[in-house]
>>> print(open('run.pdb').read())   # PDB, C-alpha atoms
ATOM      1  CA  MET V 144       7.241  -7.421 -31.712
ATOM      2  CA  GLN V 145       6.957 -11.142 -32.473
ATOM      3  CA  LEU V 146       3.943 -11.415 -30.187
ATOM      4  CA  THR V 147       2.196  -8.447 -31.751
ATOM      5  CA  THR V 148       2.749  -9.889 -35.218
ATOM      6  CA  SER V 149       1.383 -13.264 -34.111
ATOM      7  CA  PHE V 150      -1.769 -11.589 -32.738
ATOM      8  CA  HIS V 151      -2.549 -10.033 -36.104
ATOM      9  CA  ASN V 152      -1.641 -13.180 -38.042
ATOM     10  CA  GLY V 153      -4.016 -15.149 -35.831
ATOM     11  CA  ILE V 154      -6.826 -12.658 -36.326
ATOM     12  CA  LEU V 155      -6.260 -12.598 -40.100
ATOM     13  CA  ASN V 156      -6.411 -16.384 -40.232
ATOM     14  CA  HIS V 157      -9.624 -16.295 -38.201
ATOM     15  CA  ARG V 158     -11.097 -13.745 -40.615
ATOM     16  CA  LYS V 159     -10.175 -15.907 -43.630
ATOM     17  CA  ARG V 160     -11.878 -18.939 -42.101
ATOM     18  CA  LEU V 161     -15.030 -16.917 -41.453
ATOM     19  CA  GLN V 162     -14.965 -15.320 -44.896
ATOM     20  CA  LYS V 163     -15.095 -18.788 -46.455
ATOM     21  CA  PHE V 164     -18.539 -19.137 -44.917
ATOM     22  CA  SER V 165     -19.524 -15.524 -45.731
ATOM     23  CA  ILE V 166     -20.203 -14.680 -42.094
ATOM     24  CA  TRP V 167     -17.346 -12.283 -41.384
ATOM     25  CA  GLU V 168     -19.577  -9.255 -41.722
ATOM     26  CA  GLU V 169     -21.662 -10.434 -38.752
ATOM     27  CA  PHE V 170     -18.648 -11.312 -36.583
ATOM     28  CA  THR V 171     -16.682  -8.979 -34.377
ATOM     29  CA  LEU V 172     -14.214 -10.432 -31.926
ATOM     30  CA  LEU V 173     -14.753  -8.882 -28.499
ATOM     31  CA  VAL V 174     -12.319  -9.109 -25.596
ATOM     32  CA  GLY V 175     -12.434  -7.671 -22.099
ATOM     33  CA  SER V 176     -10.070  -5.646 -19.940
ATOM     34  CA  ILE V 177      -9.993  -5.212 -16.179
ATOM     35  CA  GLU V 178      -7.671  -2.549 -14.816
ATOM     36  CA  ALA V 179      -7.987  -3.339 -11.129
ATOM     37  CA  GLY V 180      -6.637  -0.487  -9.056
ATOM     38  CA  GLY V 181      -6.612  -0.021  -5.327
ATOM     39  CA  THR V 182      -8.858   3.029  -5.719
ATOM     40  CA  LYS V 183     -11.028   2.110  -8.716
ATOM     41  CA  PHE V 184     -11.726  -0.624 -11.261
ATOM     42  CA  VAL V 185     -11.861   0.231 -14.962
ATOM     43  CA  CYS V 186     -13.591  -2.448 -17.042
ATOM     44  CA  ALA V 187     -13.757  -2.256 -20.818
ATOM     45  CA  VAL V 188     -14.750  -4.252 -23.889
ATOM     46  CA  GLY V 189     -12.803  -3.867 -27.118
ATOM     47  CA  ASP V 190     -12.268  -5.427 -30.511
ATOM     48  CA  GLU V 191      -9.306  -7.107 -32.210
ATOM     49  CA  ASP V 192      -7.943  -3.709 -33.214
ATOM     50  CA  TYR V 193      -7.834  -2.660 -29.538
ATOM     51  CA  ARG V 194     -10.659  -0.150 -29.990
ATOM     52  CA  ILE V 195     -12.815   0.392 -26.898
ATOM     53  CA  LYS V 196     -16.470  -0.438 -27.554
ATOM     54  CA  ASP V 197     -17.735   0.118 -24.016
ATOM     55  CA  SER V 198     -16.298   0.872 -20.587
ATOM     56  CA  VAL V 199     -17.278   1.518 -17.005
ATOM     57  CA  GLN V 200     -15.486   2.394 -13.781
ATOM     58  CA  PHE V 201     -16.448   2.084 -10.144
ATOM     59  CA  PRO V 202     -14.745   2.405  -6.742
ATOM     60  CA  THR V 203     -12.726  -0.455  -5.287
ATOM     61  CA  THR V 204     -14.674  -1.403  -2.161
ATOM     62  CA  THR V 205     -14.798  -4.932  -0.749
ATOM     63  CA  PRO V 206     -13.685  -7.879  -2.877
ATOM     64  CA  GLU V 207     -17.187  -9.339  -2.860
ATOM     65  CA  GLU V 208     -18.924  -6.156  -3.995
ATOM     66  CA  THR V 209     -16.261  -5.094  -6.498
ATOM     67  CA  LEU V 210     -15.834  -8.468  -8.175
ATOM     68  CA  GLN V 211     -19.610  -8.938  -8.389
ATOM     69  CA  LYS V 212     -19.931  -5.602 -10.217
ATOM     70  CA  THR V 213     -17.154  -6.731 -12.533
ATOM     71  CA  ILE V 214     -18.882 -10.030 -13.301
ATOM     72  CA  GLU V 215     -22.236  -8.343 -13.908
ATOM     73  CA  TYR V 216     -20.629  -5.895 -16.319
ATOM     74  CA  PHE V 217     -18.966  -8.519 -18.512
ATOM     75  CA  LYS V 218     -22.030 -10.764 -18.563
ATOM     76  CA  GLN V 219     -23.639  -8.114 -20.777
ATOM     77  CA  PHE V 220     -21.191  -8.908 -23.581
ATOM     78  CA  ASP V 221     -20.175 -11.952 -25.588
ATOM     79  CA  ILE V 222     -16.439 -11.646 -24.953
ATOM     80  CA  GLU V 223     -14.002 -14.320 -26.138
ATOM     81  CA  ALA V 224     -11.202 -13.678 -23.626
ATOM     82  CA  LEU V 225     -10.306 -11.385 -20.755
ATOM     83  CA  GLY V 226      -7.111  -9.561 -19.777
ATOM     84  CA  ILE V 227      -6.733  -8.644 -16.098
ATOM     85  CA  ALA V 228      -4.130  -6.208 -14.774
ATOM     86  CA  SER V 229      -4.380  -5.926 -11.003
ATOM     87  CA  PHE V 230      -2.850  -4.100  -8.075
ATOM     88  CA  GLY V 231      -0.786  -6.404  -5.942
ATOM     89  CA  PRO V 232       1.267  -8.142  -4.926
ATOM     90  CA  ILE V 233      -0.323 -10.983  -6.872
ATOM     91  CA  GLU V 234       0.526 -14.622  -7.539
ATOM     92  CA  LEU V 235       1.509 -15.201 -11.172
ATOM     93  CA  ARG V 236       2.964 -18.715 -11.012
ATOM     94  CA  LYS V 237       0.478 -21.075 -12.619
ATOM     95  CA  ASN V 238       1.831 -24.017 -10.614
ATOM     96  CA  SER V 239       1.014 -22.278  -7.333
ATOM     97  CA  PRO V 240      -2.208 -23.145  -5.474
ATOM     98  CA  LYS V 241      -2.709 -19.394  -5.094
ATOM     99  CA  TYR V 242      -2.364 -18.552  -8.770
ATOM    100  CA  GLY V 243      -4.791 -15.744  -9.545
ATOM    101  CA  TYR V 244      -4.782 -14.390  -5.996
ATOM    102  CA  ILE V 245      -4.054 -10.923  -4.711
ATOM    103  CA  THR V 246      -1.726 -11.854  -1.856
ATOM    104  CA  SER V 247      -0.023  -9.636   0.741
ATOM    105  CA  THR V 248      -1.488  -6.318  -0.334
ATOM    106  CA  PRO V 249      -1.763  -3.465   2.171
ATOM    107  CA  LYS V 250      -5.255  -2.778   0.744
ATOM    108  CA  PRO V 251      -7.621  -3.558   3.668
ATOM    109  CA  GLY V 252      -9.825  -6.586   3.079
ATOM    110  CA  TRP V 253      -8.092  -7.701  -0.118
ATOM    111  CA  GLN V 254      -5.363  -9.913   1.329
ATOM    112  CA  ASP V 255      -5.524 -13.471  -0.052
ATOM    113  CA  THR V 256      -8.357 -12.712  -2.486
ATOM    114  CA  ASP V 257      -8.965 -15.331  -5.177
ATOM    115  CA  PHE V 258      -9.537 -12.812  -7.968
ATOM    116  CA  VAL V 259      -9.284 -15.074 -11.016
ATOM    117  CA  GLY V 260     -11.110 -17.949  -9.323
ATOM    118  CA  ALA V 261     -14.108 -15.747  -8.545
ATOM    119  CA  LEU V 262     -14.334 -14.595 -12.164
ATOM    120  CA  LYS V 263     -13.861 -18.056 -13.679
ATOM    121  CA  LYS V 264     -16.874 -19.364 -11.772
ATOM    122  CA  GLU V 265     -19.095 -16.948 -13.686
ATOM    123  CA  ILE V 266     -17.247 -16.020 -16.894
ATOM    124  CA  LYS V 267     -16.152 -19.064 -18.914
ATOM    125  CA  VAL V 268     -13.461 -17.570 -21.160
ATOM    126  CA  PRO V 269      -9.646 -17.681 -21.270
ATOM    127  CA  MET V 270      -8.077 -15.108 -18.921
ATOM    128  CA  PHE V 271      -4.637 -13.526 -18.838
ATOM    129  CA  TRP V 272      -3.634 -12.484 -15.315
ATOM    130  CA  THR V 273      -0.880  -9.981 -14.588
ATOM    131  CA  THR V 274      -0.042  -6.833 -12.630
ATOM    132  CA  ASP V 275      -1.425  -3.378 -13.302
ATOM    133  CA  VAL V 276       1.980  -2.086 -14.386
ATOM    134  CA  ASN V 277       2.636  -5.118 -16.579
ATOM    135  CA  GLY V 278      -0.631  -4.377 -18.351
ATOM    136  CA  SER V 279       0.458  -0.780 -18.911
ATOM    137  CA  ALA V 280       3.920  -1.872 -20.024
ATOM    138  CA  TYR V 281       2.418  -4.240 -22.557
ATOM    139  CA  GLY V 282       0.058  -1.588 -23.858
ATOM    140  CA  GLU V 283       2.972   0.769 -24.427
ATOM    141  CA  TYR V 284       4.974  -2.027 -26.059
ATOM    142  CA  VAL V 285       2.139  -2.927 -28.445
ATOM    143  CA  MET V 286       1.462   0.707 -29.337
ATOM    144  CA  SER V 287       5.172   1.319 -29.918
ATOM    145  CA  THR V 288       5.396  -1.614 -32.308
ATOM    146  CA  LEU V 289       2.222  -0.544 -34.098
ATOM    147  CA  SER V 290       3.768   2.926 -34.430
ATOM    148  CA  ASN V 291       6.807   1.366 -36.151
ATOM    149  CA  GLU V 292       9.212   2.156 -33.326
ATOM    150  CA  LYS V 293      10.591  -1.370 -33.737
ATOM    151  CA  ILE V 294      11.486  -1.921 -30.108
ATOM    152  CA  GLY V 295      11.752  -5.247 -28.319
ATOM    153  CA  SER V 296      12.108  -4.005 -24.754
ATOM    154  CA  LEU V 297      10.865  -1.313 -22.435
ATOM    155  CA  VAL V 298      10.265  -0.540 -18.774
ATOM    156  CA  TYR V 299       7.091   1.161 -17.592
ATOM    157  CA  TYR V 300       6.930   2.936 -14.212
ATOM    158  CA  THR V 301       3.753   4.305 -12.729
ATOM    159  CA  ILE V 302       4.117   6.952 -10.025
ATOM    160  CA  GLY V 303       0.857   7.747  -8.323
ATOM    161  CA  THR V 304      -0.621   6.678  -4.995
ATOM    162  CA  GLY V 305       2.065   3.998  -5.083
ATOM    163  CA  VAL V 306       4.978   3.185  -7.371
ATOM    164  CA  GLY V 307       5.355   0.099  -9.521
ATOM    165  CA  ALA V 308       7.041  -1.003 -12.714
ATOM    166  CA  GLY V 309       6.747  -3.633 -15.398
ATOM    167  CA  ALA V 310       9.506  -4.721 -17.759
ATOM    168  CA  ILE V 311       9.418  -6.356 -21.184
ATOM    169  CA  SER V 312      12.403  -7.931 -22.911
ATOM    170  CA  ASP V 313      12.216  -9.549 -26.355
ATOM    171  CA  GLY V 314       8.450  -9.133 -26.184
ATOM    172  CA  LYS V 315       8.113 -11.083 -22.919
ATOM    173  CA  PHE V 316       7.515 -10.037 -19.327
ATOM    174  CA  VAL V 317      10.521 -10.069 -17.032
ATOM    175  CA  GLY V 318      10.029 -12.174 -13.905
ATOM    176  CA  GLY V 319      10.403 -15.808 -12.908
ATOM    177  CA  MET V 320       9.548 -16.276  -9.230
ATOM    178  CA  GLY V 321       6.993 -13.494  -9.551
ATOM    179  CA  HIS V 322       6.528 -10.008 -10.895
ATOM    180  CA  PRO V 323       9.162  -7.306 -10.336
ATOM    181  CA  GLU V 324       8.719  -4.929  -7.393
ATOM    182  CA  MET V 325      10.800  -2.103  -8.811
ATOM    183  CA  GLY V 326       8.893   0.473  -6.813
ATOM    184  CA  HIS V 327      10.559  -0.794  -3.648
ATOM    185  CA  THR V 328      14.213  -0.533  -4.600
ATOM    186  CA  LEU V 329      16.507   1.443  -2.306
ATOM    187  CA  LEU V 330      18.114   4.705  -3.356
ATOM    188  CA  LYS V 331      20.854   7.147  -2.446
ATOM    189  CA  ARG V 332      19.262   9.939  -0.433
ATOM    190  CA  HIS V 333      19.275  13.537  -1.619
ATOM    191  CA  PRO V 334      21.357  15.698   0.765
ATOM    192  CA  ASP V 335      18.427  18.109   1.196
ATOM    193  CA  ASP V 336      16.003  15.315   2.083
ATOM    194  CA  LEU V 337      17.787  13.382   4.805
ATOM    195  CA  ASP V 338      15.254  14.190   7.514
ATOM    196  CA  PHE V 339      12.334  12.718   5.569
ATOM    197  CA  LYS V 340      11.788   9.118   6.689
ATOM    198  CA  GLY V 341       9.603   8.068   3.758
ATOM    199  CA  ILE V 342       6.091   6.658   3.798
ATOM    200  CA  CYS V 343       6.406   3.029   2.686
ATOM    201  CA  PRO V 344       4.961   0.824   5.462
ATOM    202  CA  PHE V 345       7.462  -1.921   4.582
ATOM    203  CA  HIS V 346      10.705  -0.092   3.774
ATOM    204  CA  GLY V 347      10.302   3.552   4.746
ATOM    205  CA  ASP V 348      12.507   5.340   2.232
ATOM    206  CA  CYS V 349      12.391   3.057  -0.803
ATOM    207  CA  LEU V 350      11.449   4.549  -4.196
ATOM    208  CA  GLU V 351       7.729   4.404  -3.413
ATOM    209  CA  GLY V 352       8.311   5.806   0.052
ATOM    210  CA  LEU V 353      10.121   8.823  -1.403
ATOM    211  CA  VAL V 354       8.216   9.741  -4.600
ATOM    212  CA  ALA V 355       4.654   8.405  -4.428
ATOM    213  CA  GLY V 356       1.900  11.010  -4.522
ATOM    214  CA  PRO V 357       1.206  11.008  -0.768
ATOM    215  CA  THR V 358       4.814  12.071  -0.076
ATOM    216  CA  PHE V 359       3.803  15.634  -0.957
ATOM    217  CA  ASP V 360       1.352  15.704   1.934
ATOM    218  CA  ALA V 361       3.925  14.058   4.190
ATOM    219  CA  ARG V 362       6.653  16.562   3.284
ATOM    220  CA  LEU V 363       4.683  19.746   2.666
ATOM    221  CA  GLY V 364       1.201  19.241   4.060
ATOM    222  CA  LYS V 365      -0.476  19.661   0.669
ATOM    223  CA  PRO V 366      -1.072  17.534  -2.442
ATOM    224  CA  GLY V 367       1.296  17.538  -5.381
ATOM    225  CA  LYS V 368      -1.190  19.313  -7.650
ATOM    226  CA  ASP V 369      -0.812  22.368  -5.411
ATOM    227  CA  VAL V 370       2.994  22.362  -5.518
ATOM    228  CA  PRO V 371       4.508  24.483  -8.336
ATOM    229  CA  MET V 372       7.209  22.915 -10.480
ATOM    230  CA  THR V 373       9.618  25.586  -9.189
ATOM    231  CA  ASP V 374       9.429  24.073  -5.685
ATOM    232  CA  HIS V 375      12.681  22.305  -4.745
ATOM    233  CA  THR V 376      10.698  19.206  -3.767
ATOM    234  CA  TRP V 377      10.314  18.399  -7.467
ATOM    235  CA  ASP V 378      14.104  18.512  -7.891
ATOM    236  CA  ILE V 379      14.500  16.102  -4.984
ATOM    237  CA  MET V 380      11.952  13.722  -6.453
ATOM    238  CA  ALA V 381      13.534  13.967  -9.906
ATOM    239  CA  TYR V 382      16.810  12.891  -8.324
ATOM    240  CA  TYR V 383      15.142   9.746  -6.993
ATOM    241  CA  VAL V 384      13.225   8.953 -10.182
ATOM    242  CA  ALA V 385      16.415   9.430 -12.215
ATOM    243  CA  GLN V 386      18.056   6.804  -9.997
ATOM    244  CA  ALA V 387      15.207   4.416 -10.828
ATOM    245  CA  ALA V 388      15.871   5.049 -14.513
ATOM    246  CA  ILE V 389      19.590   4.430 -13.916
ATOM    247  CA  GLN V 390      18.801   1.100 -12.247
ATOM    248  CA  ALA V 391      16.544   0.036 -15.118
ATOM    249  CA  THR V 392      19.139   1.136 -17.659
ATOM    250  CA  LEU V 393      22.105  -0.666 -16.117
ATOM    251  CA  ILE V 394      20.278  -3.866 -15.117
ATOM    252  CA  LEU V 395      17.870  -4.377 -18.022
ATOM    253  CA  ARG V 396      19.261  -2.186 -20.852
ATOM    254  CA  PRO V 397      15.794  -1.433 -22.282
ATOM    255  CA  GLU V 398      15.238   0.528 -25.458
ATOM    256  CA  LYS V 399      12.756   2.826 -23.746
ATOM    257  CA  ILE V 400      11.643   3.842 -20.232
ATOM    258  CA  VAL V 401       8.094   5.139 -19.868
ATOM    259  CA  PHE V 402       6.826   7.025 -16.819
ATOM    260  CA  GLY V 403       3.091   7.338 -16.177
ATOM    261  CA  GLY V 404       0.818   8.022 -13.236
ATOM    262  CA  GLY V 405      -0.605  11.092 -11.576
ATOM    263  CA  VAL V 406       2.718  12.468 -10.314
ATOM    264  CA  VAL V 407       4.345  12.465 -13.754
ATOM    265  CA  SER V 408       4.253  15.310 -16.262
ATOM    266  CA  GLU V 409       6.492  16.391 -19.119
ATOM    267  CA  PRO V 410       7.974  19.308 -17.092
ATOM    268  CA  PHE V 411       8.834  16.833 -14.333
ATOM    269  CA  LEU V 412      10.478  14.475 -16.836
ATOM    270  CA  VAL V 413      12.635  17.361 -18.060
ATOM    271  CA  LYS V 414      14.080  17.478 -14.535
ATOM    272  CA  VAL V 415      14.423  13.684 -14.458
ATOM    273  CA  ARG V 416      16.360  13.645 -17.740
ATOM    274  CA  GLU V 417      18.739  16.322 -16.457
ATOM    275  CA  GLN V 418      19.430  14.312 -13.294
ATOM    276  CA  PHE V 419      19.728  11.084 -15.275
ATOM    277  CA  LYS V 420      22.308  12.574 -17.624
ATOM    278  CA  GLU V 421      24.391  13.797 -14.701
ATOM    279  CA  LEU V 422      24.169  10.524 -12.764
ATOM    280  CA  LEU V 423      24.843   8.245 -15.745
ATOM    281  CA  ASN V 424      27.848  10.361 -16.754
ATOM    282  CA  ASP V 425      27.953   8.786 -20.240
ATOM    283  CA  TYR V 426      28.814   5.385 -18.745
ATOM    284  CA  VAL V 427      26.745   3.479 -21.340
ATOM    285  CA  VAL V 428      25.123   4.487 -24.606
ATOM    286  CA  VAL V 429      21.401   5.270 -24.493
ATOM    287  CA  PRO V 430      19.077   6.831 -27.088
ATOM    288  CA  GLU V 431      18.336  10.547 -27.117
ATOM    289  CA  LEU V 432      16.899  11.214 -23.688
ATOM    290  CA  ASP V 433      13.658  12.800 -24.872
ATOM    291  CA  LYS V 434      12.970   9.553 -26.765
ATOM    292  CA  TYR V 435      14.382   7.252 -24.092
ATOM    293  CA  ILE V 436      12.662   8.639 -20.967
ATOM    294  CA  THR V 437       9.112   9.443 -22.037
ATOM    295  CA  MET V 438       5.489   9.911 -21.130
ATOM    296  CA  PRO V 439       3.056   7.157 -22.262
ATOM    297  CA  ILE V 440       2.115   7.263 -25.931
ATOM    298  CA  VAL V 441      -1.313   5.750 -25.217
ATOM    299  CA  LYS V 442      -3.455   8.718 -24.263
ATOM    300  CA  ASN V 443      -5.921   9.186 -21.386
ATOM    301  CA  ASN V 444      -4.263   6.623 -19.108
ATOM    302  CA  GLY V 445      -5.264   3.925 -21.574
ATOM    303  CA  SER V 446      -2.054   1.886 -21.611
ATOM    304  CA  ALA V 447      -3.338  -0.873 -19.331
ATOM    305  CA  THR V 448      -6.637  -1.241 -21.182
ATOM    306  CA  LEU V 449      -4.895  -1.565 -24.543
ATOM    307  CA  GLY V 450      -2.383  -3.962 -23.015
ATOM    308  CA  ASP V 451      -5.166  -6.071 -21.516
ATOM    309  CA  PHE V 452      -6.910  -6.321 -24.884
ATOM    310  CA  ALA V 453      -3.666  -7.488 -26.491
ATOM    311  CA  LEU V 454      -2.980  -9.977 -23.686
ATOM    312  CA  ALA V 455      -6.529 -11.341 -23.913
ATOM    313  CA  ILE V 456      -6.030 -11.961 -27.635
ATOM    314  CA  ARG V 457      -2.672 -13.564 -26.865
ATOM    315  CA  GLU V 458      -4.373 -15.903 -24.378
ATOM    316  CA  LEU V 459      -7.010 -16.752 -26.965
ATOM    317  CA  GLN V 460      -4.309 -17.661 -29.489
ATOM    318  CA  GLU V 461      -2.600 -20.128 -27.122
TER     319      GLU V 461
END
>>> encode(input="run.pdb", output="structure tokens")
Amino acid sequence: MQLTTSFHNGILNHRKRLQKFSIWEEFTLLVGSIEAGGTKFVCAVGDEDYRIKDSVQFPTTTPEETLQKTIEYFKQFDIEALGIASFGPIELRKNSPKYGYITSTPKPGWQDTDFVGALKKEIKVPMFWTTDVNGSAYGEYVMSTLSNEKIGSLVYYTIGTGVGAGAISDGKFVGGMGHPEMGHTLLKRHPDDLDFKGICPFHGDCLEGLVAGPTFDARLGKPGKDVPMTDHTWDIMAYYVAQAAIQATLILRPEKIVFGGGVVSEPFLVKVREQFKELLNDYVVVPELDKYITMPIVKNNGSATLGDFALAIRELQE
């Protein structure tokens, strides 16, 4: 909340300075967003009120081709700063020689890619660099504060092709040595799922290995969109996702846990809340579950874009 307030204070001060010279009417602050996914890139330009002015998306191919398309897109606009939320793992430590890199990703061809360095050679603006889920988490945090929810902490999970999570406490990202990898925590297995080995290439049956979208094909031979909510597989997955929510609750004590991504729907979260309630067993106090475990409030998968705009403005203020 403090950070969101400081963004708007900074913008207001900037407006006042410009109004003194009667040029505010001609000035609109533009910032950029890159939501860099393993499947596609979504690039957007927005204003200081986080409104999208233009956007484009294209497939994630090679680093050279994809980053060149990204650079060419933003060169069309006079942006003041850029927020980048990327698939990973990535290097976030600014004192590391590989700051700005995508590091040990399983995405073919993208290992040890100097993402930020390639952009800085062509786009001379301040850049905020973080993970895709951190960008989404920040977007949800900003929108929550703008909606007068008055929260200082939340956890955002995305469950899609992979699983990841970002966490915010007191308005700041959680993570010191690097970003959290909450999609790879280990879980208690469901008794009806013991024969499934999981699909994570690193850990087998971690959270991602048990609930990511491709697990439907691995378990049932068909995609999740073709599996009715009455299928027991959804109950098994809800059991695992509820454990993730338990972990976040007991370790971080957030005020809200948001679940996004292609696997998640409100009917699925109904199952997750039921499992969560049973597993937590009233051990600690949490808000009403339909307000505590929620879908994103930013519509149309726009959490990361909004978060990137806010983080770009934050970088510009510093």
>>> resolve_selection(input="run.pdb", expression="the PyMOL selection byres ((chain V and resi 265) around 10)", output="ChimeraX atom specification")
/V:211,214-215,217-218,260-264,266-268
>>> atom_distance(input="run.pdb", atom1="atom CA of Phe271 of chain V", atom2="atom CA of Val174 of chain V")
11.1 Å
>>> closest_residue(input="run.pdb", among="V:His327, V:Lys212, V:Lys368, V:Lys399", to="Pro344 of chain V", atoms="only C-alpha atoms")
V:His327
>>> closest_residue(input="run.pdb", among="V:Asn291, V:Ile400, V:Val317, V:Ala387", to="Leu330 of chain V", atoms="only C-alpha atoms")
V:Ala387
>>> resolve_selection(input="run.pdb", expression="the PyMOL selection byres ((chain V and resi 184) around 8)", output="PyMOL selection string")
chain V and resi 177-183+185-186+200-203+209
>>> resolve_selection(input="run.pdb", expression="the PyMOL selection byres ((chain V and resi 270) around 6)", output="ChimeraX atom specification")
/V:224-226,269,271
>>> atom_distance(input="run.pdb", atom1="atom CA of Leu432 of chain V", atom2="atom CA of Phe359 of chain V")
26.6 Å
>>> axis_aligned_box(input="run.pdb", around="segment 207-210 of chain V", padding_each_side="8 Å", output="AutoDock Vina command-line options")
--center_x -17.4 --center_y -7.2 --center_z -5.5 --size_x 19.1 --size_y 20.2 --size_z 21.3
>>> decode(input="run.pdb", residues="segment 186-236 of chain V", atoms="C-alpha atoms", output="CSV table (one decimal), in the first residue's frame")
chain,number,residue,atom,x,y,z
V,186,CYS,CA,4.0,-6.6,-24.8
V,187,ALA,CA,1.9,-3.5,-23.9
V,188,VAL,CA,2.1,0.2,-23.5
V,189,GLY,CA,0.1,2.0,-20.8
V,190,ASP,CA,-0.3,5.2,-18.9
V,191,GLU,CA,0.2,6.3,-15.3
V,192,ASP,CA,-3.3,5.1,-14.5
V,193,TYR,CA,-2.4,1.6,-15.7
V,194,ARG,CA,-4.6,1.8,-18.7
V,195,ILE,CA,-3.5,-0.2,-21.8
V,196,LYS,CA,-2.9,2.1,-24.8
V,197,ASP,CA,-1.6,-0.6,-27.2
V,198,SER,CA,-0.5,-4.2,-27.0
V,199,VAL,CA,0.7,-7.1,-29.1
V,200,GLN,CA,1.5,-10.8,-28.6
V,201,PHE,CA,3.7,-13.2,-30.5
V,202,PRO,CA,5.0,-16.7,-30.0
V,203,THR,CA,8.1,-17.4,-27.9
V,204,THR,CA,10.6,-18.8,-30.4
V,205,THR,CA,14.4,-18.3,-30.2
V,206,PRO,CA,15.8,-15.6,-27.9
V,207,GLU,CA,17.2,-13.7,-30.8
V,208,GLU,CA,14.0,-13.6,-32.8
V,209,THR,CA,11.7,-13.0,-29.8
V,210,LEU,CA,13.7,-10.2,-28.2
V,211,GLN,CA,14.2,-8.5,-31.5
V,212,LYS,CA,10.4,-8.4,-32.0
V,213,THR,CA,10.1,-7.0,-28.5
V,214,ILE,CA,12.6,-4.3,-29.2
V,215,GLU,CA,11.0,-3.3,-32.5
V,216,TYR,CA,7.6,-3.0,-30.8
V,217,PHE,CA,8.7,-0.7,-28.0
V,218,LYS,CA,10.8,1.5,-30.4
V,219,GLN,CA,7.4,2.7,-31.8
V,220,PHE,CA,6.6,4.4,-28.5
V,221,ASP,CA,8.2,7.1,-26.3
V,222,ILE,CA,8.1,5.1,-23.1
V,223,GLU,CA,9.7,6.4,-19.9
V,224,ALA,CA,10.3,3.0,-18.2
V,225,LEU,CA,9.7,-0.7,-18.7
V,226,GLY,CA,8.5,-3.5,-16.4
V,227,ILE,CA,9.5,-7.0,-17.3
V,228,ALA,CA,8.0,-10.2,-15.8
V,229,SER,CA,9.6,-13.3,-17.2
V,230,PHE,CA,9.5,-17.0,-17.1
V,231,GLY,CA,12.4,-18.5,-15.3
V,232,PRO,CA,14.3,-19.3,-13.3
V,233,ILE,CA,15.9,-15.8,-13.6
V,234,GLU,CA,18.7,-13.9,-11.8
V,235,LEU,CA,17.3,-11.1,-9.7
V,236,ARG,CA,20.3,-10.1,-7.6
